[in-house]
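Engineer: Sharing protein13.txt (compact mmCIF, C-alpha atoms) below.
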```
# COMPACT_ATOMS: atom_id res chain seq x y z
CA MET G 1 -7.92 -13.60 41.74
CA ARG G 2 -6.10 -10.26 41.98
CA LYS G 3 -3.13 -11.81 40.16
CA PHE G 4 -5.38 -12.75 37.30
CA ILE G 5 -6.71 -9.19 37.09
CA TYR G 6 -3.16 -7.81 37.00
CA LEU G 7 -2.26 -10.33 34.33
CA PHE G 8 -5.33 -9.36 32.31
CA VAL G 9 -4.51 -5.64 32.54
CA PHE G 10 -0.93 -6.41 31.57
CA PHE G 11 -2.04 -8.29 28.44
CA ILE G 12 -4.41 -5.47 27.47
CA LEU G 13 -1.65 -2.89 27.90
CA THR G 14 0.93 -4.89 25.97
CA GLY G 15 -1.65 -5.57 23.26
CA ALA G 16 -2.49 -1.87 23.03
CA SER G 17 1.15 -0.86 22.91
CA SER G 18 1.80 -3.20 20.01
CA ILE G 19 -1.11 -1.61 18.14
CA LEU G 20 0.28 1.84 18.93
CA ALA G 21 3.70 0.81 17.66
CA GLN G 22 5.98 3.68 16.81
CA SER G 23 5.27 4.55 13.26
CA ILE G 24 4.67 7.18 10.67
CA SER G 25 1.31 6.80 9.04
CA MET G 26 -0.69 8.50 6.34
CA SER G 27 -4.46 8.46 6.14
CA PRO G 28 -6.24 8.24 3.78
CA THR G 29 -4.12 6.72 1.03
CA ARG G 30 -6.31 8.05 -1.78
CA LEU G 31 -8.16 11.34 -2.27
CA PHE G 32 -11.16 11.40 -4.57
CA PHE G 33 -12.08 14.89 -5.75
CA THR G 34 -15.10 15.96 -7.71
CA GLY G 35 -16.44 19.36 -8.72
CA SER G 36 -17.36 21.53 -11.66
CA PRO G 37 -14.80 23.20 -13.92
CA GLY G 38 -13.59 26.45 -12.32
CA GLU G 39 -14.29 25.24 -8.78
CA LYS G 40 -11.71 24.92 -5.99
CA VAL G 41 -12.10 21.87 -3.79
CA THR G 42 -10.07 20.82 -0.75
CA GLN G 43 -9.49 17.72 1.33
CA THR G 44 -7.16 16.88 4.15
CA VAL G 45 -4.63 14.14 4.64
CA THR G 46 -3.28 13.27 8.06
CA LEU G 47 0.30 12.34 8.83
CA GLN G 48 0.85 10.84 12.24
CA ASN G 49 4.23 10.41 13.87
CA SER G 50 3.97 8.14 16.91
CA SER G 51 7.75 7.76 17.20
CA ASP G 52 10.18 9.67 19.43
CA LYS G 53 11.88 11.43 16.55
CA ASP G 54 10.83 14.42 14.42
CA TYR G 55 10.48 13.76 10.72
CA VAL G 56 10.63 16.22 7.86
CA PHE G 57 8.90 15.42 4.59
CA ASN G 58 9.23 17.07 1.21
CA LEU G 59 5.97 17.28 -0.77
CA ASN G 60 6.19 16.60 -4.49
CA TYR G 61 3.86 15.52 -7.28
CA LYS G 62 4.20 12.92 -9.98
CA ASP G 63 1.94 11.39 -12.58
CA TRP G 64 1.29 7.70 -12.59
CA MET G 65 -0.27 5.10 -14.81
CA ARG G 66 -1.01 1.44 -14.35
CA GLU G 67 0.37 -1.08 -16.80
CA GLU G 68 -1.74 -4.04 -17.88
CA ASP G 69 -0.10 -6.33 -15.34
CA GLY G 70 -1.24 -3.97 -12.57
CA ASN G 71 2.20 -2.48 -11.95
CA LYS G 72 2.17 1.25 -11.27
CA VAL G 73 4.60 3.44 -13.17
CA TYR G 74 5.51 6.92 -11.93
CA LEU G 75 6.10 9.67 -14.47
CA ASP G 76 7.19 13.29 -14.25
CA ALA G 77 4.36 15.61 -13.25
CA GLY G 78 2.49 16.90 -16.28
CA SER G 79 3.74 14.21 -18.68
CA SER G 80 0.66 11.99 -18.62
CA LYS G 81 -2.43 12.68 -20.76
CA THR G 82 -4.64 12.33 -17.69
CA SER G 83 -2.44 14.37 -15.33
CA ASN G 84 -4.00 16.73 -12.82
CA ALA G 85 -0.72 17.45 -10.99
CA SER G 86 -0.82 21.09 -12.14
CA TRP G 87 -4.25 21.54 -10.53
CA MET G 88 -2.93 20.58 -7.10
CA SER G 89 -1.47 22.70 -4.32
CA THR G 90 -0.67 22.61 -0.63
CA LEU G 91 0.20 25.48 1.68
CA GLU G 92 3.69 24.15 2.29
CA ASN G 93 6.31 22.35 0.22
CA ALA G 94 7.81 20.63 3.24
CA VAL G 95 6.23 19.57 6.51
CA THR G 96 7.76 18.73 9.85
CA VAL G 97 5.85 16.17 11.86
CA PRO G 98 7.20 16.44 15.40
CA ALA G 99 7.53 13.35 17.59
CA LYS G 100 4.24 12.05 19.02
CA SER G 101 2.12 14.41 16.99
CA THR G 102 -0.30 14.58 14.10
CA LYS G 103 -0.24 16.95 11.18
CA GLU G 104 -3.16 17.68 8.90
CA ILE G 105 -2.28 18.83 5.43
CA VAL G 106 -4.89 20.59 3.31
CA VAL G 107 -4.68 19.46 -0.29
CA SER G 108 -6.40 21.83 -2.74
CA MET G 109 -7.49 21.16 -6.29
CA GLN G 110 -8.23 24.10 -8.55
CA ILE G 111 -10.29 22.56 -11.34
CA PRO G 112 -9.49 24.58 -14.46
CA ALA G 113 -12.43 26.33 -16.12
CA THR G 114 -11.47 24.49 -19.30
CA ALA G 115 -11.38 21.03 -17.65
CA SER G 116 -13.12 18.22 -19.53
CA LYS G 117 -16.58 17.39 -18.21
CA SER G 118 -16.06 13.69 -18.84
CA ALA G 119 -12.38 12.83 -18.31
CA VAL G 120 -11.14 11.28 -15.05
CA THR G 121 -7.69 12.62 -14.16
CA ASN G 122 -5.08 11.49 -11.66
CA SER G 123 -1.72 12.21 -10.05
CA MET G 124 0.15 11.34 -6.89
CA LEU G 125 1.38 13.47 -4.00
CA PHE G 126 4.54 12.07 -2.42
CA PHE G 127 5.71 12.73 1.13
CA THR G 128 9.43 12.06 0.95
CA GLN G 129 11.44 11.82 4.14
CA LEU G 130 14.32 14.30 4.14
CA PRO G 131 17.61 13.17 5.66
CA GLN G 132 18.56 14.94 8.88
CA GLN G 133 21.96 15.63 10.35
CA ALA G 134 21.83 12.46 12.44
CA ASP G 135 21.22 10.35 9.32
CA GLN G 136 24.81 10.08 8.18
CA ALA G 137 26.80 7.14 6.96
CA LYS G 138 29.04 5.76 9.69
CA VAL G 139 31.53 3.94 7.49
CA GLN G 140 35.02 5.44 7.27
CA ASN G 141 36.22 3.98 3.96
CA GLY G 142 33.61 2.40 1.77
CA ILE G 143 30.05 2.85 0.63
CA GLY G 144 27.39 4.21 2.95
CA ILE G 145 23.72 4.08 2.11
CA ILE G 146 21.25 6.32 3.90
CA THR G 147 17.82 4.72 3.73
CA LEU G 148 14.74 6.91 3.67
CA PHE G 149 11.04 6.40 3.33
CA GLU G 150 8.35 7.87 1.15
CA VAL G 151 4.58 7.42 0.96
CA GLY G 152 2.41 8.21 -2.04
CA LEU G 153 -1.09 9.68 -1.86
CA HIS G 154 -3.23 8.89 -4.92
CA ILE G 155 -5.23 11.85 -6.21
CA PHE G 156 -8.23 11.33 -8.48
CA TYR G 157 -10.64 13.77 -10.07
CA THR G 158 -13.97 12.49 -11.35
CA PRO G 159 -16.34 14.91 -13.11
CA PRO G 160 -19.73 15.09 -11.31
CA GLY G 161 -21.57 13.59 -14.30
CA ASN G 162 -19.51 10.38 -14.28
CA GLN G 163 -21.59 7.76 -12.48
CA VAL G 164 -21.27 4.60 -14.58
CA LYS G 165 -19.48 1.84 -12.67
CA SER G 166 -18.78 -1.09 -14.96
CA LEU G 167 -16.14 -3.66 -15.76
CA ASP G 168 -16.08 -6.14 -18.59
CA ILE G 169 -14.35 -9.53 -18.74
CA THR G 170 -12.79 -9.52 -22.20
CA ASN G 171 -10.93 -12.83 -22.09
CA ILE G 172 -10.13 -15.84 -19.91
CA SER G 173 -7.19 -17.96 -21.05
CA GLU G 174 -4.49 -20.33 -19.84
CA LEU G 175 -1.04 -18.84 -20.14
CA SER G 176 1.29 -20.97 -22.19
CA ASN G 177 4.14 -22.05 -19.98
CA ASP G 178 6.90 -24.63 -20.38
CA HIS G 179 6.70 -25.56 -16.72
CA ALA G 180 3.61 -27.64 -16.20
CA ALA G 181 4.04 -27.10 -12.45
CA GLU G 182 3.52 -23.34 -12.82
CA ARG G 183 0.26 -23.13 -14.73
CA LYS G 184 -1.57 -19.82 -14.71
CA VAL G 185 -4.90 -18.55 -15.91
CA ALA G 186 -5.13 -14.95 -17.09
CA VAL G 187 -8.30 -12.89 -16.89
CA ASN G 188 -8.44 -9.77 -19.05
CA ILE G 189 -10.61 -6.97 -17.71
CA HIS G 190 -11.65 -3.69 -19.28
CA ASN G 191 -13.12 -0.74 -17.35
CA ASP G 192 -15.97 0.23 -19.67
CA GLY G 193 -17.51 2.59 -17.11
CA ASN G 194 -16.51 6.19 -16.51
CA THR G 195 -15.44 6.06 -12.86
CA ILE G 196 -12.51 4.60 -10.92
CA ASN G 197 -13.47 1.04 -10.13
CA ASP G 198 -12.21 -0.97 -7.13
CA ALA G 199 -13.04 -4.65 -7.36
CA THR G 200 -12.04 -8.12 -6.27
CA VAL G 201 -11.57 -10.83 -8.84
CA GLU G 202 -12.34 -14.39 -7.75
CA PHE G 203 -11.58 -17.55 -9.67
CA GLU G 204 -13.06 -20.99 -8.97
CA LEU G 205 -12.37 -24.25 -10.73
CA THR G 206 -14.78 -27.18 -10.64
CA ASP G 207 -13.63 -30.62 -11.71
CA THR G 208 -16.38 -31.60 -14.17
CA ASP G 209 -15.82 -35.31 -13.46
CA SER G 210 -15.59 -35.39 -9.66
CA GLY G 211 -17.39 -32.12 -8.81
CA LYS G 212 -14.46 -31.11 -6.59
CA GLU G 213 -14.08 -27.33 -6.27
CA ILE G 214 -10.88 -25.34 -6.06
CA LYS G 215 -11.20 -21.72 -4.95
CA LEU G 216 -8.11 -19.59 -5.59
CA PRO G 217 -7.21 -16.54 -3.49
CA ALA G 218 -9.08 -13.43 -4.70
CA ILE G 219 -7.11 -10.58 -6.24
CA SER G 220 -7.90 -6.90 -5.60
CA ILE G 221 -7.77 -4.42 -8.47
CA SER G 222 -8.35 -0.70 -8.93
CA MET G 223 -8.89 0.46 -12.49
CA LEU G 224 -9.13 3.86 -14.16
CA PRO G 225 -11.84 4.30 -16.83
CA ASP G 226 -11.05 2.94 -20.27
CA SER G 227 -8.07 0.95 -18.99
CA ASN G 228 -7.22 -2.73 -19.34
CA GLN G 229 -5.77 -5.05 -16.76
CA THR G 230 -4.73 -8.68 -16.78
CA VAL G 231 -5.08 -10.60 -13.54
CA GLN G 232 -3.17 -13.86 -13.21
CA PHE G 233 -4.18 -16.80 -11.03
CA SER G 234 -1.57 -19.42 -10.22
CA LEU G 235 -3.11 -22.88 -10.41
CA PRO G 236 -2.37 -25.65 -7.90
CA GLU G 237 0.67 -27.76 -8.78
CA ASN G 238 0.10 -30.79 -10.99
CA ILE G 239 -3.55 -30.00 -11.62
CA SER G 240 -5.02 -32.29 -14.26
CA GLY G 241 -8.44 -33.17 -15.65
CA ASN G 242 -11.41 -31.32 -17.07
CA PHE G 243 -12.42 -28.18 -15.24
CA LEU G 244 -14.99 -25.44 -15.48
CA GLY G 245 -13.38 -22.12 -14.56
CA VAL G 246 -15.65 -19.36 -13.23
CA VAL G 247 -14.49 -15.77 -12.82
CA ILE G 248 -16.52 -13.52 -10.52
CA ILE G 249 -15.79 -9.80 -10.32
CA LYS G 250 -17.28 -8.02 -7.32
CA MET G 251 -17.25 -4.25 -7.64
CA ALA G 252 -16.87 -2.19 -4.43
CA GLY G 253 -19.84 -0.03 -3.48
CA SER G 254 -22.18 -1.95 -5.77
CA ASN G 255 -24.05 -5.24 -5.77
CA ASP G 256 -23.23 -5.66 -9.43
CA LEU G 257 -21.28 -8.77 -10.39
CA ARG G 258 -19.52 -9.79 -13.55
CA VAL G 259 -19.30 -13.52 -14.19
CA GLY G 260 -17.34 -15.33 -16.88
CA GLU G 261 -16.95 -19.07 -17.54
CA LYS G 262 -14.55 -21.18 -19.52
CA ASN G 263 -13.82 -24.90 -19.80
CA PHE G 264 -10.23 -26.01 -19.28
CA LYS G 265 -8.41 -29.26 -19.85
CA PHE G 266 -5.19 -29.39 -17.86
CA MET M 1 -63.92 -3.81 49.06
CA LYS M 2 -63.19 -0.16 48.29
CA LYS M 3 -59.63 -0.76 49.42
CA GLN M 4 -59.32 -3.72 47.05
CA ILE M 5 -60.60 -1.61 44.15
CA VAL M 6 -58.09 1.12 44.94
CA ILE M 7 -55.26 -1.45 45.14
CA ALA M 8 -56.38 -3.04 41.85
CA ALA M 9 -56.59 0.39 40.15
CA LEU M 10 -53.18 1.37 41.47
CA THR M 11 -51.69 -1.96 40.37
CA PHE M 12 -53.26 -1.59 36.90
CA GLY M 13 -51.99 2.00 36.71
CA ALA M 14 -48.55 0.92 37.81
CA ILE M 15 -48.51 -1.85 35.20
CA LEU M 16 -49.61 0.58 32.46
CA PHE M 17 -47.12 3.18 33.58
CA GLY M 18 -44.46 0.51 33.84
CA THR M 19 -45.09 -0.87 30.37
CA ASN M 20 -45.23 2.61 28.92
CA HIS M 21 -42.02 3.39 30.64
CA ALA M 22 -40.51 0.15 29.40
CA GLN M 23 -41.75 0.87 25.89
CA ALA M 24 -40.23 4.32 26.02
CA GLN M 25 -36.92 2.69 26.89
CA ASN M 26 -37.26 0.16 24.09
CA THR M 27 -37.72 2.78 21.41
CA ALA M 28 -34.61 4.72 22.35
CA THR M 29 -32.03 3.88 19.69
CA THR M 30 -28.42 4.73 19.22
CA THR M 31 -26.69 4.73 15.90
CA VAL M 32 -23.20 3.39 16.01
CA ASN M 33 -21.09 4.52 13.10
CA ILE M 34 -17.77 2.91 12.43
CA THR M 35 -15.74 4.98 10.00
CA LEU M 36 -12.82 3.11 8.53
CA ASN M 37 -10.14 5.13 6.81
CA ASP M 38 -7.39 3.75 4.67
CA VAL M 39 -4.05 3.95 6.36
CA ILE M 40 -0.55 3.13 5.28
CA SER M 41 2.25 3.32 7.80
CA ILE M 42 5.86 2.43 8.25
CA ASP M 43 7.11 1.42 11.62
CA ALA M 44 9.87 3.63 12.96
CA GLY M 45 11.64 0.44 13.99
CA SER M 46 12.21 -0.26 10.31
CA THR M 47 15.86 -0.09 9.48
CA ALA M 48 14.85 1.64 6.25
CA ILE M 49 13.84 4.79 8.01
CA GLY M 50 16.66 7.23 8.52
CA ASN M 51 19.12 4.42 8.88
CA THR M 52 22.39 3.48 7.24
CA VAL M 53 23.79 0.44 5.48
CA ASP M 54 27.57 0.41 5.33
CA PHE M 55 29.97 -1.51 3.12
CA ASN M 56 33.59 -1.46 4.14
CA TYR M 57 36.41 -2.26 1.70
CA ALA M 58 39.65 -2.69 3.64
CA THR M 59 41.40 -5.79 2.29
CA ALA M 60 42.05 -7.36 -1.12
CA ALA M 61 39.61 -10.10 -0.13
CA ASP M 62 36.89 -7.48 0.33
CA TYR M 63 37.30 -6.35 -3.27
CA ASN M 64 37.36 -9.92 -4.61
CA SER M 65 34.24 -11.24 -2.94
CA ASP M 66 30.52 -10.54 -2.96
CA GLN M 67 29.61 -8.40 0.02
CA THR M 68 26.13 -8.75 1.42
CA VAL M 69 24.61 -6.82 4.28
CA THR M 70 21.36 -8.34 5.52
CA LYS M 71 19.06 -5.92 7.25
CA ALA M 72 16.35 -7.62 9.26
CA ASN M 73 13.08 -5.68 9.43
CA SER M 74 14.31 -3.30 6.75
CA LEU M 75 10.70 -2.37 6.25
CA LYS M 76 7.80 -2.86 8.60
CA VAL M 77 4.58 -1.77 6.94
CA THR M 78 0.96 -1.63 8.08
CA SER M 79 -1.59 -1.12 5.34
CA THR M 80 -5.36 -1.44 5.15
CA LYS M 81 -5.16 -2.11 1.41
CA ASN M 82 -2.84 -4.18 -0.73
CA PHE M 83 0.31 -2.19 -1.43
CA ASN M 84 3.49 -1.85 -3.48
CA VAL M 85 7.01 -0.94 -2.47
CA LYS M 86 9.37 0.73 -4.91
CA VAL M 87 12.97 1.72 -4.43
CA LYS M 88 15.18 4.41 -5.94
CA ALA M 89 18.49 6.14 -5.29
CA GLY M 90 18.69 9.89 -4.70
CA GLY M 91 21.16 10.20 -7.60
CA THR M 92 23.04 8.17 -10.19
CA SER M 93 26.18 7.77 -8.06
CA PHE M 94 27.50 7.26 -4.57
CA VAL M 95 29.31 10.53 -3.96
CA ASN M 96 32.56 11.41 -2.19
CA GLY M 97 33.29 15.01 -3.13
CA THR M 98 33.94 14.87 -6.85
CA ASN M 99 34.60 11.10 -6.85
CA LEU M 100 31.74 8.90 -7.93
CA ILE M 101 30.72 5.23 -7.85
CA PRO M 102 27.65 4.33 -9.93
CA VAL M 103 24.66 3.28 -7.80
CA SER M 104 24.16 0.30 -10.12
CA VAL M 105 26.91 -1.57 -8.19
CA LEU M 106 24.28 -2.27 -5.54
CA THR M 107 21.56 -4.91 -5.76
CA ILE M 108 18.69 -4.91 -3.27
CA LYS M 109 16.53 -7.98 -2.87
CA ALA M 110 14.38 -9.74 -0.31
CA ALA M 111 16.49 -11.95 1.99
CA THR M 112 16.01 -15.74 1.83
CA ALA M 113 13.95 -15.50 5.00
CA SER M 114 12.09 -12.49 3.72
CA GLY M 115 9.74 -11.80 6.64
CA THR M 116 5.96 -11.64 6.84
CA MET M 117 5.32 -9.35 3.86
CA GLY M 118 3.69 -11.17 0.94
CA GLY M 119 3.42 -10.16 -2.71
CA THR M 120 5.81 -10.58 -5.61
CA LYS M 121 9.38 -9.65 -4.70
CA ASN M 122 11.96 -8.56 -7.25
CA ALA M 123 15.72 -8.13 -7.08
CA VAL M 124 16.52 -4.52 -7.99
CA VAL M 125 19.77 -3.24 -9.46
CA LEU M 126 19.69 0.23 -7.96
CA SER M 127 19.11 3.28 -10.17
CA SER M 128 17.75 6.77 -9.70
CA SER M 129 14.38 5.77 -11.15
CA ASP M 130 11.61 3.97 -9.27
CA GLN M 131 11.79 0.19 -9.52
CA THR M 132 9.36 -2.29 -8.04
CA LEU M 133 10.72 -4.19 -5.05
CA VAL M 134 7.42 -5.69 -3.85
CA SER M 135 4.22 -5.68 -5.88
CA ASN M 136 0.67 -6.34 -4.72
CA ALA M 137 1.61 -7.26 -1.16
CA PRO M 138 -1.53 -8.32 0.73
CA LEU M 139 -2.76 -5.89 3.38
CA GLY M 140 -1.82 -6.51 6.98
CA SER M 141 -0.39 -5.18 10.19
CA ALA M 142 3.33 -4.74 10.94
CA LEU M 143 4.40 -6.78 7.92
CA THR M 144 8.16 -7.18 7.90
CA LEU M 145 10.55 -7.36 4.99
CA ASN M 146 14.16 -8.41 5.46
CA LEU M 147 16.47 -7.13 2.75
CA ASP M 148 19.85 -8.16 1.39
CA TYR M 149 22.07 -5.35 0.10
CA THR M 150 24.69 -6.90 -2.16
CA ILE M 151 27.69 -5.52 -4.04
CA PRO M 152 28.90 -8.39 -6.23
CA ALA M 153 32.63 -9.09 -6.65
CA SER M 154 32.21 -8.39 -10.39
CA LYS M 155 31.47 -4.76 -9.45
CA SER M 156 33.89 -4.30 -6.53
CA SER M 157 36.79 -5.73 -8.52
CA SER M 158 35.93 -3.55 -11.52
CA SER M 159 36.92 0.05 -12.14
CA ASP M 160 33.51 1.05 -10.79
CA ILE M 161 34.97 0.65 -7.29
CA LEU M 162 38.57 -0.61 -7.54
CA GLY M 163 41.09 2.20 -7.84
CA LYS M 164 38.71 4.92 -6.61
CA PRO M 165 40.22 7.31 -4.01
CA ALA M 166 39.74 6.22 -0.40
CA GLY M 167 36.86 7.79 1.46
CA THR M 168 33.20 7.45 2.22
CA TYR M 169 30.86 7.35 -0.76
CA THR M 170 27.28 8.05 0.20
CA GLN M 171 23.86 8.21 -1.40
CA THR M 172 20.29 8.03 -0.20
CA VAL M 173 18.02 5.11 -1.03
CA THR M 174 14.30 5.82 -0.75
CA TYR M 175 11.60 3.20 -0.29
CA THR M 176 8.18 4.26 -1.55
CA ALA M 177 5.06 2.58 -0.28
CA THR M 178 1.73 3.19 -1.99
CA ALA M 179 -1.61 1.49 -1.59
CA LEU M 180 -2.87 -0.61 -4.51
```
Show how you would write the structure in this file as structure tokens.

Structural biologist:
Amino acid sequence: MRKFIYLFVFFILTGASSILAQSISMSPTRLFFTGSPGEKVTQTVTLQNSSDKDYVFNLNYKDWMREEDGNKVYLDAGSSKTSNASWMSTLENAVTVPAKSTKEIVVSMQIPATASKSAVTNSMLFFTQLPQQADQAKVQNGIGIITLFEVGLHIFYTPPGNQVKSLDITNISELSNDHAAERKVAVNIHNDGNTINDATVEFELTDTDSGKEIKLPAISISMLPDSNQTVQFSLPENISGNFLGVVIIKMAGSNDLRVGEKNFKF
Amino acid sequence: MKKQIVIAALTFGAILFGTNHAQAQNTATTTVNITLNDVISIDAGSTAIGNTVDFNYATAADYNSDQTVTKANSLKVTSTKNFNVKVKAGGTSFVNGTNLIPVSVLTIKAATASGTMGGTKNAVVLSSSDQTLVSNAPLGSALTLNLDYTIPASKSSSSDILGKPAGTYTQTVTYTATAL
């Protein structure tokens, strides 16, 4: 009996240690600010270093935008129309997170007095690992690459009056493709609300002859107001027959759904 | 008889008191709040964290063949949301004093056995701007990505590398992880 108890404790401990694996983590991954023009608002982000080594991070801002395929593109700070990088500040430009410790960083946003009362703005704060003396290439003659790590913290500002959460399915279509084995259906979505909208997009196909249903893996999206995104669903190989395709968009923090239907012949 | 009445009254009282007491216990409630915060983390065991990848050119054969260094567990990421990984060099060249080799000689891509990280993986010809290595990787815990660092023979046998003064040419390569 005692052996079993020891074994049980051992499993719990090993389980816990794998959860507490040595890592550098950032929480949260997105900061949502709101406030009136002229106001200063602050939030904190926590960096945790559970490893045995100290890490030094440089703090720097960039703008970012999302292309229609969902890919994020980073731009120089201040170059995007919706940039709020110049509103942001932290007390330090570099932070050291000692081994086995946690560091809280206060991120401040000074909303300009002239800020739009309707426009959502965004930027990203990067924590970039700085190389230390120990991080040196070991090769004598050749090419040495020092690999480093960086995490990005999304920063959003939503004016207090912006409360409309809405997405619109603008099109559902099969993508033309030479390879019949790699058929895809594209769903075009427009954020016609005035807030950042996190949602999951589901796509189900029902064979109109046999009634058989095919549910494809859901895709998560996060859209800025007045932006468009195309979500692609890969169809099962060699699918053929008449199908009814149903798109369901579930918006986070709301019971609202968006549903779209289209008939397909594959 | 009197005794029986007293016992009955006491019993009744005890029952009442007991039920009241029990009721009082039933109405006590506790609110349990579970606050979940988004987290993104990279495991310090990742070889992409303060580590080095070395290419050695010592023989003619080295210059005339593709050189690939496979780094298992290059990245080990835990994320509570879907995420992307981008990669960029710290400059346009590998530097040895005033001698330079363009960073574009190096291609980084997921190894054939790429690990447990999902998402769409792209081969990246290194540059100083951010390029997508993994897009929309599904959330998960300790997701591993094994990477191949390749310098093709077409680059090592070209004037990009061949004929450059001997020495160590170094540059940083930064992996950027962001939530969806």

Engineer: Residues within 10 Å of (14.0, 10.0, -9.2), file coordinates, counting only C-alpha atoms: what are they? Give the list as a ChimeraX atom specification.

Structural biologist: /G:74-76 /M:87-92,127-130,174

Engineer: Could you work out how far CA of Lys71 (chain M) lies from CA of Val73 (chain G), giving the answer in Å with one decimal?

Structural biologist: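 Atom-to-atom, CA of Val73 (chain G) to CA of Lys71 (chain M), that is 26.7 Å.
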
Engineer: For CA of Glu67 (chain G) and CA of Thr29 (chain G), quote the distance in Å rounded to one decimal.

Structural biologist: 20.0 Å

Engineer: Around the point (30.1, 10.9, 1.3), in the coordinates given by the file, pick out the residues reaching within 12 Å, counting all atoms listed in the file, and return them as a ChimeraX atom specification.

Structural biologist: /G:135-146 /M:54,93-101,165-172

Engineer: Under the rule of at most 7 Å, produce a per-residue listing of chain M near chain G: chain, number, name, the closest pair of atoms, and the distance in Å, as a tab-separated table, using only C-alpha atoms.

Structural biologist:
```
residue	atom	partner	partner_atom	distance
M:Asn37	CA	G:Pro28	CA	5.8
M:Asp38	CA	G:Pro28	CA	4.7
M:Val39	CA	G:Ser27	CA	4.5
M:Ile40	CA	G:Met26	CA	5.5
M:Ser41	CA	G:Ser25	CA	3.8
M:Ile42	CA	G:Ile24	CA	5.5
M:Asp43	CA	G:Ser23	CA	4.0
M:Ala44	CA	G:Ser23	CA	4.7
M:Ala48	CA	G:Thr147	CA	5.0
M:Ile49	CA	G:Leu148	CA	4.9
M:Gly50	CA	G:Leu148	CA	5.2
M:Asn51	CA	G:Thr147	CA	5.3
M:Thr52	CA	G:Ile146	CA	4.5
M:Val53	CA	G:Ile145	CA	5.0
M:Asp54	CA	G:Gly144	CA	4.5
M:Phe55	CA	G:Ile143	CA	5.0
M:Asn56	CA	G:Gly142	CA	4.5
M:Tyr57	CA	G:Gly142	CA	5.4
M:Ala166	CA	G:Asn141	CA	6.0
M:Gly167	CA	G:Asn141	CA	4.6
M:Thr168	CA	G:Asn141	CA	4.9
M:Tyr169	CA	G:Ile143	CA	4.8
M:Thr170	CA	G:Gly144	CA	4.7
M:Gln171	CA	G:Ile145	CA	5.4
M:Thr172	CA	G:Ile146	CA	4.5
M:Val173	CA	G:Thr147	CA	4.8
M:Thr174	CA	G:Leu148	CA	4.6
M:Tyr175	CA	G:Phe149	CA	4.9
M:Thr176	CA	G:Glu150	CA	4.5
M:Ala177	CA	G:Val151	CA	5.0
M:Thr178	CA	G:Gly152	CA	5.1
M:Ala179	CA	G:Thr29	CA	6.4
```

Engineer: Hey, which of G:Leu167, G:Leu91, G:Leu205, G:Ile196 ends up closest to Thr44 (chain G)? Count all atoms listed in the file.

Structural biologist: G:Leu91

Engineer: List the spatial neighbours of region 115-123 of chain G as a ChimeraX atom specification - criterion: any atom at most 8 Å away, all atoms listed in the file, same-chain residues fewer than 4 positions off excluded.

Structural biologist: /G:36-38,61-64,77,82-85,111,154-162,194-196,224-225

Engineer: Give me the box for region 25-43 of chain M as lines of an AutoDock Vina configuration file, namely the centre and edge lengths in Å to one decimal of a box along x, y and z that holds every listed atom plus 3 Å on each side.

Structural biologist:
```
center_x = -15.3
center_y = 2.6
center_z = 15.8
size_x = 50.8
size_y = 11.0
size_z = 28.2
```

Engineer: In Å, with one decimal, what is the gap from CA of Val85 (chain M) to CA of Gln131 (chain M)?

Structural biologist: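 It comes out at 8.6 Å.
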
Engineer: Would you kindly return, as an MDAnalysis selection string, each protein, DNA or RNA residue with an atom no farther than 6 Å from any atom of region 103-111 of chain M, considering all atoms listed in the file and excluding same-chain residues fewer than 5 positions away?

Structural biologist: chainID M and resid 92:94 123:127 146:151 155

Engineer: Could you tell me which of G:Ser80, G:Ser108, G:Gln163, G:Gln232 comes closest to Val187 (chain G) if we count all atoms listed in the file?

Structural biologist: G:Gln232

Engineer: Show me, as a compact mmCIF listing (two decimals) with C-alpha atoms, in the frame of the given file, the residues that have an atom within 10 Å of Val201 (chain G) when counting only C-alpha atoms, minus same-chain residues fewer than 6 positions from it.

Structural biologist:
```
# COMPACT_ATOMS: atom_id res chain seq x y z
CA VAL G 187 -8.30 -12.89 -16.89
CA ILE G 189 -10.61 -6.97 -17.71
CA LEU G 216 -8.11 -19.59 -5.59
CA PRO G 217 -7.21 -16.54 -3.49
CA ALA G 218 -9.08 -13.43 -4.70
CA ILE G 219 -7.11 -10.58 -6.24
CA SER G 220 -7.90 -6.90 -5.60
CA ILE G 221 -7.77 -4.42 -8.47
CA VAL G 231 -5.08 -10.60 -13.54
CA GLN G 232 -3.17 -13.86 -13.21
CA PHE G 233 -4.18 -16.80 -11.03
CA VAL G 247 -14.49 -15.77 -12.82
CA ILE G 248 -16.52 -13.52 -10.52
CA ILE G 249 -15.79 -9.80 -10.32
CA LYS G 250 -17.28 -8.02 -7.32
CA MET G 251 -17.25 -4.25 -7.64
CA ARG G 258 -19.52 -9.79 -13.55
CA VAL G 259 -19.30 -13.52 -14.19
```

Engineer: I need region 86-97 of chain G from the structure I supplied, saved as a compact mmCIF listing (two decimals), in the first residue's frame with C-alpha atoms retained.

Structural biologist:
```
# COMPACT_ATOMS: atom_id res chain seq x y z
CA SER G 86 3.35 57.01 -29.92
CA TRP G 87 0.78 56.96 -27.11
CA MET G 88 2.58 54.14 -25.31
CA SER G 89 5.30 54.21 -22.68
CA THR G 90 6.95 52.03 -20.07
CA LEU G 91 9.25 53.06 -17.24
CA GLU G 92 12.18 51.17 -18.71
CA ASN G 93 13.47 50.44 -22.20
CA ALA G 94 15.08 47.18 -21.15
CA VAL G 95 14.16 44.75 -18.42
CA THR G 96 16.16 42.04 -16.72
CA VAL G 97 14.14 39.08 -15.55
```
